[in-house]
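To be precise, the following lines are run_26.csv, and they hold CSV, C-alpha atoms.
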```
chain,number,residue,atom,x,y,z
A,1,MET,CA,-33.1,165.9,129.1
A,2,HIS,CA,-36.8,165.4,129.7
A,3,HIS,CA,-38.7,164.0,132.6
A,4,GLY,CA,-42.3,162.8,132.1
A,5,ARG,CA,-44.8,160.6,133.8
A,6,ILE,CA,-47.4,158.2,132.5
A,7,GLU,CA,-50.4,156.8,134.3
A,8,VAL,CA,-52.2,153.5,133.7
A,9,ARG,CA,-55.5,152.4,135.3
A,10,THR,CA,-55.4,148.6,135.5
A,11,SER,CA,-58.6,146.6,135.7
A,12,GLY,CA,-57.6,143.2,137.0
A,13,LYS,CA,-55.7,141.6,139.8
A,14,VAL,CA,-53.0,140.5,137.4
A,15,GLU,CA,-52.6,141.8,133.9
A,16,THR,CA,-50.3,143.5,131.4
A,17,VAL,CA,-51.0,146.8,129.7
A,18,GLU,CA,-49.1,148.0,126.6
A,19,VAL,CA,-47.6,151.5,127.2
A,20,THR,CA,-45.6,151.8,124.0
A,21,ASP,CA,-47.7,154.7,122.6
A,22,GLN,CA,-47.6,156.6,125.9
A,23,ILE,CA,-43.8,156.4,126.0
A,24,SER,CA,-43.6,157.4,122.3
A,25,GLU,CA,-45.7,160.5,123.1
A,26,GLU,CA,-43.2,161.4,125.9
A,27,ILE,CA,-40.3,161.0,123.5
A,28,ARG,CA,-42.0,163.3,121.0
A,29,ARG,CA,-42.5,165.9,123.8
A,30,SER,CA,-38.9,165.6,124.9
A,31,LYS,CA,-37.6,166.5,121.3
A,32,VAL,CA,-34.8,164.1,121.9
A,33,ARG,CA,-33.7,162.8,118.5
A,34,GLU,CA,-30.8,160.4,119.4
A,35,GLY,CA,-30.3,159.0,122.9
A,36,LEU,CA,-31.8,156.9,125.6
A,37,CYS,CA,-35.2,156.5,127.2
A,38,THR,CA,-35.6,155.0,130.7
A,39,VAL,CA,-39.1,153.8,131.9
A,40,SER,CA,-39.3,153.0,135.7
A,41,VAL,CA,-42.5,151.9,137.4
A,42,LEU,CA,-42.8,153.6,140.8
A,43,HIS,CA,-44.5,150.7,142.6
A,44,THR,CA,-43.3,147.4,144.2
A,45,THR,CA,-46.0,145.1,142.9
A,46,ALA,CA,-45.8,146.2,139.2
A,47,GLY,CA,-43.2,145.6,136.6
A,48,VAL,CA,-42.1,146.9,133.2
A,49,PHE,CA,-40.8,144.7,130.4
A,50,VAL,CA,-40.5,144.4,126.6
A,51,ASN,CA,-42.2,141.6,124.7
A,52,GLU,CA,-44.5,140.6,121.8
A,53,ASN,CA,-47.5,142.8,121.2
A,54,ALA,CA,-49.1,140.9,118.3
A,55,ASP,CA,-50.8,137.9,119.8
A,56,PRO,CA,-52.4,138.5,123.2
A,57,ASP,CA,-52.0,134.8,124.1
A,58,VAL,CA,-48.3,135.5,124.6
A,59,GLN,CA,-49.2,137.8,127.5
A,60,ARG,CA,-51.7,135.3,128.9
A,61,ASP,CA,-49.0,132.5,128.8
A,62,LEU,CA,-46.5,134.8,130.5
A,63,LEU,CA,-48.9,135.5,133.4
A,64,GLY,CA,-49.8,131.8,133.6
A,65,ALA,CA,-46.1,130.8,133.8
A,66,LEU,CA,-45.4,133.5,136.5
A,67,GLU,CA,-48.4,132.1,138.5
A,68,ARG,CA,-46.9,128.6,138.3
A,69,MET,CA,-43.5,129.9,139.3
A,70,VAL,CA,-44.8,132.0,142.2
A,71,PRO,CA,-48.1,130.4,143.3
A,72,SER,CA,-50.7,132.5,145.0
A,73,ASP,CA,-51.4,129.7,147.4
A,74,ALA,CA,-47.8,129.1,148.6
A,75,ARG,CA,-46.9,130.2,152.2
A,76,TYR,CA,-45.6,133.7,152.5
A,77,ALA,CA,-44.6,135.7,155.6
A,78,HIS,CA,-45.7,139.2,154.4
A,79,ALA,CA,-49.0,139.9,156.1
A,80,GLU,CA,-50.5,142.0,153.3
A,81,GLY,CA,-50.9,138.8,151.2
A,82,ASN,CA,-49.4,140.3,148.1
A,83,SER,CA,-46.0,138.7,148.3
A,84,PRO,CA,-46.4,137.0,144.9
A,85,GLY,CA,-46.9,140.4,143.4
A,86,HIS,CA,-43.7,141.7,144.8
A,87,ILE,CA,-41.8,138.6,143.7
A,88,LYS,CA,-43.2,138.7,140.1
A,89,ALA,CA,-42.2,142.4,140.0
A,90,VAL,CA,-38.6,141.5,140.8
A,91,LEU,CA,-38.6,138.7,138.2
A,92,THR,CA,-39.9,141.0,135.4
A,93,GLY,CA,-38.0,144.0,136.5
A,94,SER,CA,-39.1,147.5,137.4
A,95,SER,CA,-37.3,149.5,134.7
A,96,VAL,CA,-36.2,149.3,131.1
A,97,THR,CA,-33.8,151.5,129.1
A,98,LEU,CA,-34.2,151.7,125.3
A,99,ALA,CA,-32.6,153.5,122.5
A,100,VAL,CA,-34.2,156.6,120.9
A,101,ARG,CA,-33.3,156.9,117.2
A,102,ALA,CA,-34.6,159.5,114.8
A,103,GLY,CA,-36.9,160.8,117.5
A,104,ALA,CA,-38.6,157.5,118.1
A,105,LEU,CA,-38.3,154.5,120.4
A,106,GLU,CA,-36.2,151.8,118.8
A,107,LEU,CA,-38.0,148.5,119.0
A,108,GLY,CA,-38.0,145.3,117.0
A,109,ARG,CA,-40.8,144.4,114.6
A,110,TRP,CA,-42.8,142.5,117.3
A,111,GLN,CA,-41.8,144.4,120.4
A,112,GLY,CA,-44.0,146.5,122.7
A,113,VAL,CA,-43.3,147.9,126.2
A,114,TYR,CA,-45.6,146.6,128.9
A,115,LEU,CA,-46.6,147.6,132.4
A,116,ALA,CA,-47.3,144.5,134.4
A,117,GLU,CA,-49.9,144.7,137.2
A,118,PHE,CA,-49.4,142.1,139.9
A,119,ASP,CA,-51.7,143.4,142.6
A,120,GLY,CA,-54.5,145.4,141.0
A,121,PRO,CA,-56.7,146.9,140.1
A,122,ARG,CA,-54.9,150.3,140.8
A,123,ILE,CA,-53.7,153.4,139.2
A,124,ARG,CA,-50.0,153.0,138.3
A,125,SER,CA,-47.4,155.6,137.5
A,126,ALA,CA,-44.1,155.2,135.6
A,127,SER,CA,-41.4,157.8,135.3
A,128,ILE,CA,-40.0,158.5,131.8
A,129,THR,CA,-36.6,160.0,131.3
A,130,CYS,CA,-35.3,160.9,127.8
A,131,ILE,CA,-31.6,162.0,127.5
A,132,GLY,CA,-29.5,162.7,124.4
A,133,GLU,CA,-29.3,165.0,121.4
A,134,VAL,CA,-32.2,167.3,121.0
A,135,GLU,CA,-33.5,168.4,117.6
A,136,GLY,CA,-32.1,171.8,116.7
B,137,MET,CA,-20.9,162.6,134.3
B,138,HIS,CA,-19.8,160.9,137.5
B,139,HIS,CA,-18.5,157.4,138.2
B,140,GLY,CA,-18.5,156.0,141.7
B,141,ARG,CA,-18.3,152.8,143.5
B,142,ILE,CA,-20.2,151.4,146.5
B,143,GLU,CA,-19.2,148.4,148.7
B,144,VAL,CA,-21.4,146.1,150.7
B,145,ARG,CA,-20.2,143.5,153.2
B,146,THR,CA,-22.7,140.7,153.3
B,147,SER,CA,-23.1,138.4,156.3
B,148,GLY,CA,-25.1,135.5,155.0
B,149,LYS,CA,-25.0,132.9,152.2
B,150,VAL,CA,-28.2,134.5,150.7
B,151,GLU,CA,-29.5,137.9,151.7
B,152,THR,CA,-30.6,141.3,150.4
B,153,VAL,CA,-29.0,144.5,151.6
B,154,GLU,CA,-30.6,147.9,150.9
B,155,VAL,CA,-28.2,150.3,149.2
B,156,THR,CA,-30.5,153.2,148.5
B,157,ASP,CA,-28.7,155.6,150.8
B,158,GLN,CA,-25.3,154.7,149.4
B,159,ILE,CA,-26.6,155.4,145.9
B,160,SER,CA,-28.1,158.7,147.0
B,161,GLU,CA,-24.8,159.8,148.5
B,162,GLU,CA,-23.1,159.1,145.1
B,163,ILE,CA,-25.8,161.2,143.4
B,164,ARG,CA,-25.1,164.0,145.8
B,165,ARG,CA,-21.4,163.8,145.0
B,166,SER,CA,-22.1,163.8,141.3
B,167,LYS,CA,-23.9,167.1,141.5
B,168,VAL,CA,-26.2,165.8,138.7
B,169,ARG,CA,-29.6,167.5,139.1
B,170,GLU,CA,-31.6,165.9,136.3
B,171,GLY,CA,-30.6,162.7,134.5
B,172,LEU,CA,-30.0,159.0,135.0
B,173,CYS,CA,-28.2,156.8,137.5
B,174,THR,CA,-27.1,153.3,136.6
B,175,VAL,CA,-26.2,150.8,139.3
B,176,SER,CA,-24.3,147.7,138.2
B,177,VAL,CA,-23.1,144.9,140.4
B,178,LEU,CA,-19.6,143.7,139.4
B,179,HIS,CA,-20.2,140.0,140.4
B,180,THR,CA,-21.9,137.0,138.9
B,181,THR,CA,-23.6,135.6,142.0
B,182,ALA,CA,-25.1,138.9,143.1
B,183,GLY,CA,-28.0,141.0,141.7
B,184,VAL,CA,-29.5,144.5,142.0
B,185,PHE,CA,-33.2,145.2,142.0
B,186,VAL,CA,-35.8,147.6,143.2
B,187,ASN,CA,-38.6,146.6,145.6
B,188,GLU,CA,-40.3,147.3,148.9
B,189,ASN,CA,-38.2,148.4,151.8
B,190,ALA,CA,-41.0,148.7,154.5
B,191,ASP,CA,-41.7,145.2,155.7
B,192,PRO,CA,-38.6,142.9,155.8
B,193,ASP,CA,-40.9,139.9,155.2
B,194,VAL,CA,-41.1,140.9,151.6
B,195,GLN,CA,-37.4,140.3,151.2
B,196,ARG,CA,-37.7,137.0,153.1
B,197,ASP,CA,-40.5,135.9,150.8
B,198,LEU,CA,-38.6,136.9,147.7
B,199,LEU,CA,-35.5,134.8,148.8
B,200,GLY,CA,-37.8,131.9,149.7
B,201,ALA,CA,-39.5,132.0,146.3
B,202,LEU,CA,-36.2,132.1,144.5
B,203,GLU,CA,-35.0,129.1,146.5
B,204,ARG,CA,-38.1,127.2,145.4
B,205,MET,CA,-37.6,128.2,141.7
B,206,VAL,CA,-33.8,127.4,141.8
B,207,PRO,CA,-33.4,124.7,144.4
B,208,SER,CA,-30.0,124.3,146.0
B,209,ASP,CA,-30.3,120.6,145.9
B,210,ALA,CA,-31.1,120.2,142.2
B,211,ARG,CA,-28.4,118.8,140.0
B,212,TYR,CA,-26.0,121.3,138.4
B,213,ALA,CA,-22.9,120.8,136.2
B,214,HIS,CA,-20.8,123.7,137.4
B,215,ALA,CA,-18.2,122.3,139.8
B,216,GLU,CA,-18.0,125.2,142.2
B,217,GLY,CA,-21.5,124.4,143.5
B,218,ASN,CA,-22.8,127.9,143.3
B,219,SER,CA,-24.9,127.6,140.2
B,220,PRO,CA,-28.1,128.6,142.0
B,221,GLY,CA,-26.4,131.9,142.8
B,222,HIS,CA,-25.6,132.5,139.2
B,223,ILE,CA,-29.1,131.7,138.1
B,224,LYS,CA,-30.8,133.8,140.8
B,225,ALA,CA,-28.5,136.7,139.7
B,226,VAL,CA,-29.7,136.4,136.1
B,227,LEU,CA,-33.4,136.3,137.3
B,228,THR,CA,-33.1,139.4,139.5
B,229,GLY,CA,-30.7,141.2,137.0
B,230,SER,CA,-27.3,142.7,137.6
B,231,SER,CA,-28.1,146.4,136.9
B,232,VAL,CA,-30.8,149.0,137.3
B,233,THR,CA,-31.2,152.4,135.7
B,234,LEU,CA,-33.3,155.0,137.5
B,235,ALA,CA,-34.2,158.7,137.1
B,236,VAL,CA,-32.4,161.5,139.0
B,237,ARG,CA,-34.8,164.4,139.6
B,238,ALA,CA,-34.0,167.6,141.6
B,239,GLY,CA,-30.7,166.0,142.6
B,240,ALA,CA,-32.2,162.9,144.1
B,241,LEU,CA,-33.0,159.3,143.1
B,242,GLU,CA,-36.6,159.1,141.9
B,243,LEU,CA,-38.3,156.2,143.6
B,244,GLY,CA,-41.9,155.4,144.5
B,245,ARG,CA,-43.2,155.7,148.1
B,246,TRP,CA,-42.3,152.1,149.0
B,247,GLN,CA,-39.3,151.5,146.8
B,248,GLY,CA,-35.7,150.9,147.8
B,249,VAL,CA,-32.7,149.6,145.8
B,250,TYR,CA,-31.3,146.3,146.9
B,251,LEU,CA,-28.1,144.3,146.4
B,252,ALA,CA,-28.9,140.6,146.4
B,253,GLU,CA,-26.2,138.3,147.8
B,254,PHE,CA,-26.6,134.8,146.4
B,255,ASP,CA,-23.2,133.2,147.4
B,256,GLY,CA,-21.9,135.0,150.5
B,257,PRO,CA,-20.7,136.2,152.8
B,258,ARG,CA,-18.5,138.4,150.7
B,259,ILE,CA,-17.5,142.0,150.0
B,260,ARG,CA,-19.5,143.1,147.0
B,261,SER,CA,-18.9,146.2,144.8
B,262,ALA,CA,-21.3,148.0,142.5
B,263,SER,CA,-20.5,150.7,140.0
B,264,ILE,CA,-22.6,153.9,140.0
B,265,THR,CA,-22.8,156.1,137.0
B,266,CYS,CA,-24.7,159.4,137.0
B,267,ILE,CA,-25.3,161.3,133.8
B,268,GLY,CA,-27.2,164.5,133.0
B,269,GLU,CA,-27.5,168.1,133.8
B,270,VAL,CA,-25.2,169.3,136.6
B,271,GLU,CA,-26.1,172.1,139.0
B,272,GLY,CA,-24.6,175.3,137.8
C,273,MET,CA,-23.8,159.7,121.2
C,274,HIS,CA,-23.3,156.6,119.0
C,275,HIS,CA,-25.8,154.1,117.8
C,276,GLY,CA,-24.6,150.7,116.5
C,277,ARG,CA,-26.0,147.3,115.8
C,278,ILE,CA,-24.5,143.9,116.4
C,279,GLU,CA,-25.6,140.6,114.8
C,280,VAL,CA,-25.4,137.1,116.2
C,281,ARG,CA,-26.1,133.9,114.2
C,282,THR,CA,-27.3,131.3,116.7
C,283,SER,CA,-27.0,127.6,116.0
C,284,GLY,CA,-29.3,125.9,118.5
C,285,LYS,CA,-32.9,126.1,119.7
C,286,VAL,CA,-31.8,127.4,123.0
C,287,GLU,CA,-28.3,128.7,123.7
C,288,THR,CA,-26.3,131.7,125.0
C,289,VAL,CA,-23.7,133.5,123.0
C,290,GLU,CA,-21.2,135.9,124.5
C,291,VAL,CA,-21.3,139.3,122.9
C,292,THR,CA,-18.9,141.2,125.1
C,293,ASP,CA,-16.3,141.7,122.3
C,294,GLN,CA,-18.8,142.9,119.8
C,295,ILE,CA,-20.1,145.5,122.3
C,296,SER,CA,-16.5,146.6,123.2
C,297,GLU,CA,-15.9,147.1,119.5
C,298,GLU,CA,-18.9,149.4,119.3
C,299,ILE,CA,-17.7,151.4,122.3
C,300,ARG,CA,-14.3,151.9,120.6
C,301,ARG,CA,-16.1,153.1,117.5
C,302,SER,CA,-18.3,155.5,119.6
C,303,LYS,CA,-15.1,157.2,121.0
C,304,VAL,CA,-17.1,157.6,124.3
C,305,ARG,CA,-14.6,157.6,127.2
C,306,GLU,CA,-16.9,158.0,130.2
C,307,GLY,CA,-20.6,157.3,130.1
C,308,LEU,CA,-23.2,154.6,129.6
C,309,CYS,CA,-23.8,151.8,127.1
C,310,THR,CA,-27.2,150.2,126.5
C,311,VAL,CA,-27.6,146.9,124.7
C,312,SER,CA,-31.2,146.0,123.7
C,313,VAL,CA,-32.1,142.9,121.8
C,314,LEU,CA,-34.7,143.6,119.1
C,315,HIS,CA,-36.6,140.3,119.4
C,316,THR,CA,-39.2,138.8,121.7
C,317,THR,CA,-37.8,135.3,122.1
C,318,ALA,CA,-34.2,136.4,122.9
C,319,GLY,CA,-32.7,138.1,126.0
C,320,VAL,CA,-29.6,139.9,127.1
C,321,PHE,CA,-27.9,139.5,130.5
C,322,VAL,CA,-24.6,139.6,132.3
C,323,ASN,CA,-23.1,136.6,134.0
C,324,GLU,CA,-20.0,134.4,134.3
C,325,ASN,CA,-18.0,133.7,131.1
C,326,ALA,CA,-15.3,131.4,132.6
C,327,ASP,CA,-16.9,128.0,133.0
C,328,PRO,CA,-19.4,127.2,130.2
C,329,ASP,CA,-21.2,124.9,132.7
C,330,VAL,CA,-22.7,128.0,134.3
C,331,GLN,CA,-24.5,128.8,131.1
C,332,ARG,CA,-25.7,125.2,130.8
C,333,ASP,CA,-27.0,125.2,134.3
C,334,LEU,CA,-28.8,128.5,133.7
C,335,LEU,CA,-30.6,127.1,130.6
C,336,GLY,CA,-31.4,123.9,132.5
C,337,ALA,CA,-33.0,125.9,135.3
C,338,LEU,CA,-35.0,128.1,132.9
C,339,GLU,CA,-36.3,124.9,131.2
C,340,ARG,CA,-37.4,123.5,134.6
C,341,MET,CA,-39.1,126.9,135.5
C,342,VAL,CA,-40.8,127.2,132.1
C,343,PRO,CA,-41.2,123.7,130.8
C,344,SER,CA,-41.5,123.2,127.0
C,345,ASP,CA,-44.2,120.6,127.5
C,346,ALA,CA,-46.6,122.7,129.7
C,347,ARG,CA,-49.8,123.9,128.2
C,348,TYR,CA,-49.6,127.3,126.4
C,349,ALA,CA,-52.3,129.2,124.5
C,350,HIS,CA,-50.0,130.9,121.9
C,351,ALA,CA,-50.4,128.9,118.7
C,352,GLU,CA,-46.8,129.4,117.4
C,353,GLY,CA,-45.6,127.0,120.1
C,354,ASN,CA,-42.7,129.3,121.3
C,355,SER,CA,-44.3,130.7,124.4
C,356,PRO,CA,-41.5,129.3,126.6
C,357,GLY,CA,-39.1,131.4,124.6
C,358,HIS,CA,-41.2,134.6,125.2
C,359,ILE,CA,-41.4,133.9,128.9
C,360,LYS,CA,-37.7,133.1,129.3
C,361,ALA,CA,-36.9,136.4,127.4
C,362,VAL,CA,-39.0,138.3,130.0
C,363,LEU,CA,-37.2,136.5,132.9
C,364,THR,CA,-33.7,137.3,131.6
C,365,GLY,CA,-34.6,140.7,130.3
C,366,SER,CA,-34.2,142.3,126.9
C,367,SER,CA,-31.8,145.1,127.7
C,368,VAL,CA,-28.8,145.9,129.9
C,369,THR,CA,-27.2,149.3,130.7
C,370,LEU,CA,-23.6,149.3,131.8
C,371,ALA,CA,-20.9,151.9,132.6
C,372,VAL,CA,-18.2,152.9,130.1
C,373,ARG,CA,-15.0,153.9,131.9
C,374,ALA,CA,-11.7,155.0,130.2
C,375,GLY,CA,-13.2,154.0,126.9
C,376,ALA,CA,-14.1,150.4,127.9
C,377,LEU,CA,-17.1,148.5,129.2
C,378,GLU,CA,-16.9,148.3,132.9
C,379,LEU,CA,-17.4,144.7,134.0
C,380,GLY,CA,-16.3,142.6,137.0
C,381,ARG,CA,-13.5,140.1,136.8
C,382,TRP,CA,-15.8,137.2,135.8
C,383,GLN,CA,-18.6,139.0,133.9
C,384,GLY,CA,-19.5,138.8,130.3
C,385,VAL,CA,-22.5,140.0,128.4
C,386,TYR,CA,-24.6,137.3,126.8
C,387,LEU,CA,-27.3,137.2,124.2
C,388,ALA,CA,-29.8,134.4,125.0
C,389,GLU,CA,-31.5,132.5,122.2
C,390,PHE,CA,-34.7,130.9,123.2
C,391,ASP,CA,-36.3,130.0,119.8
C,392,GLY,CA,-33.4,129.5,117.4
C,393,PRO,CA,-31.5,129.0,115.3
C,394,ARG,CA,-31.9,132.5,113.9
C,395,ILE,CA,-30.0,135.7,113.1
C,396,ARG,CA,-30.5,138.1,116.1
C,397,SER,CA,-29.8,141.8,116.2
C,398,ALA,CA,-29.1,144.0,119.2
C,399,SER,CA,-29.0,147.8,119.3
C,400,ILE,CA,-26.0,149.4,121.0
C,401,THR,CA,-26.3,153.0,122.3
C,402,CYS,CA,-23.2,154.8,123.8
C,403,ILE,CA,-23.7,158.1,125.5
C,404,GLY,CA,-21.3,160.3,127.5
C,405,GLU,CA,-18.1,162.2,127.2
C,406,VAL,CA,-16.2,161.7,124.0
C,407,GLU,CA,-12.4,161.7,123.8
C,408,GLY,CA,-11.2,165.1,122.6
```
Exercise: express the given structure as C-alpha cells:
Amino acid sequence: MHHGRIEVRTSGKVETVEVTDQISEEIRRSKVREGLCTVSVLHTTAGVFVNENADPDVQRDLLGALERMVPSDARYAHAEGNSPGHIKAVLTGSSVTLAVRAGALELGRWQGVYLAEFDGPRIRSASITCIGEVEG
Amino acid sequence: MHHGRIEVRTSGKVETVEVTDQISEEIRRSKVREGLCTVSVLHTTAGVFVNENADPDVQRDLLGALERMVPSDARYAHAEGNSPGHIKAVLTGSSVTLAVRAGALELGRWQGVYLAEFDGPRIRSASITCIGEVEG
Amino acid sequence: MHHGRIEVRTSGKVETVEVTDQISEEIRRSKVREGLCTVSVLHTTAGVFVNENADPDVQRDLLGALERMVPSDARYAHAEGNSPGHIKAVLTGSSVTLAVRAGALELGRWQGVYLAEFDGPRIRSASITCIGEVEG
C-alpha cells in the first residue's frame, strides 16, 4: 500500500499532458511488484485517460472532437463559464486503474497515461495509490 | 476487504444524485484506513462519475450536453426506447475507483461522486468494495 | 493476486464483443473469493465497458451514436486515418474495475463486460488483475 501525489503545471486552456513517467516513478517508490495502481485527478475540469503517445496529432484530434461534441459557444447555465470543461472531464473520466506487473505499469505498446486539462492553465494534482504484493 | 451496497431512489427520467455521503458511510463501516474503494452501478441505464458538487448548474449543463450528444428523438433500433440511457451510461461510465486515505474517501475540494439516472424514476443499487489496510 | 490475459479476435472495423465469460474464467483461476477485478485493454483504438447483453440492438445503437458523435468523415490530423477509433476509445474508457463476490464477478441482472473494437479487424488483448481474499 502506497499513496503518492503527482503535480502537473499546464500551459494552455485545453491540453493533454503525458504523466506515464511520473506514475512509474510512484510505482517504483511503492515497491509494489504485482498489483494495481489507481490514478485519480483531484479536480472537476480535468480528466485522466489512457491513449496513444506516439503521434501528438492523436491528442490534437481528440481535443478537437471533444470541442465539437461540447462546444464552448453553446448555452450553459453555470455562471463560471467553464461548463464545457466539467462536461469533458466527465466524458474522459477522472480516474484510471491499471495493472502493476514485475514492478512496472502494464501498458500496451502505444499506450500512455494522460492528464487532460480542460480549464487551464493551472497546477493540477492527481492521487496515486499502489496496492498489492511488495518486493521482499 | 468489505463489500457493501447503496440504494438510491431517483425521481426523474434523467437526473444526477450525489452519493458521496453514502459511500463515506460504507468506508467507515469497512474500517479500511488506507486503500481503494470501487463503486459500481448494477444497471445498464445508469452511470457513476465524479464531478463538481458546489453549483447544481454544473449537473444541469452536463445532462443538457449529454442530451445534445445523444438526442432522445434520434432513430434507435432497441425496441424498449431507452437506448439514449444505455449510451449515456457508457459515456459516463458505470464504475469509479478512488483512494481511501486516513479512513476517508480522497476527493478534491470540489469533487463529489454522483449516480446518474438515465431512464428513471427507479430504485438504483451500486456495489461498494473497500480494500486495503484495516485499522488495528 | 492473479494476473491473466484474454484475447479477442474481432471481425469487423467497428464492433463490440462480450468478454464476461473470459473474465469469469480468469477469476476462477485466480481463486480470489472477495475482492476486485480490473480489466484493461492494451490498445489505443479499443475500449472496455459494461452494458446490456440481452438485446444486441443496444450495442448497435451505441456504435451508431458514437459514429454520429465522432464522424469518420470529419477532418483529422493523424495521418493513419484512425483518429475516430482513438477518440471513441477515450469516450468508452480503456479499463473497468469490478467487484468479485463469492468467487464471481459481481454484475447486475442485465450487465455484461464488452471489448469495443474501433479499428479492426484485429487480435486484441486485455490484462486481467484479480486482488483480494483467496479461498483457503
Practice task
Restrict the distance test to all atoms listed in the file, flag each residue of chain C within 6 Å of chain A, and return the flagged residues as a ChimeraX atom specification.
Solution key: /C:314-316,348-350,359,363
For the selection you just gave me, I'd like the residues written to a file as a CSV table (one decimal), in the frame of the given file, keeping C-alpha atoms.
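out_23.csv was written with the following content:
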```
chain,number,residue,atom,x,y,z
C,314,LEU,CA,-34.7,143.6,119.1
C,315,HIS,CA,-36.6,140.3,119.4
C,316,THR,CA,-39.2,138.8,121.7
C,348,TYR,CA,-49.6,127.3,126.4
C,349,ALA,CA,-52.3,129.2,124.5
C,350,HIS,CA,-50.0,130.9,121.9
C,359,ILE,CA,-41.4,133.9,128.9
C,363,LEU,CA,-37.2,136.5,132.9
```
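Going from CA of Ser397 (chain C) to CA of Val39 (chain A) covers 21.8 Å.
Minimum distance to Met1 (chain A) across B:Ala240, B:Gln158, B:Gly183, B:Val168 (counting only C-alpha atoms) occurs at B:Val168.
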Pairwise distance, CA of Lys285 (chain C) with CA of Gly392 (chain C), equals 4.1 Å
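Shortest separation to Ala262 (chain B) among B:Gly239, B:Ser230, B:Ala190, B:Asp157 occurs at residue B:Ser230, atoms counted being only C-alpha atoms.
CA of Ser219 (chain B) is positioned 18.2 Å from CA of Val289 (chain C).
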### Task
List the neighbours of region 117-119 of chain A out to 7 Å using all atoms listed in the file; skip same-chain residues closer than 4 positions along the sequence, and give me the result as a ChimeraX atom specification.
/A:10,13-16,45-47,82,85
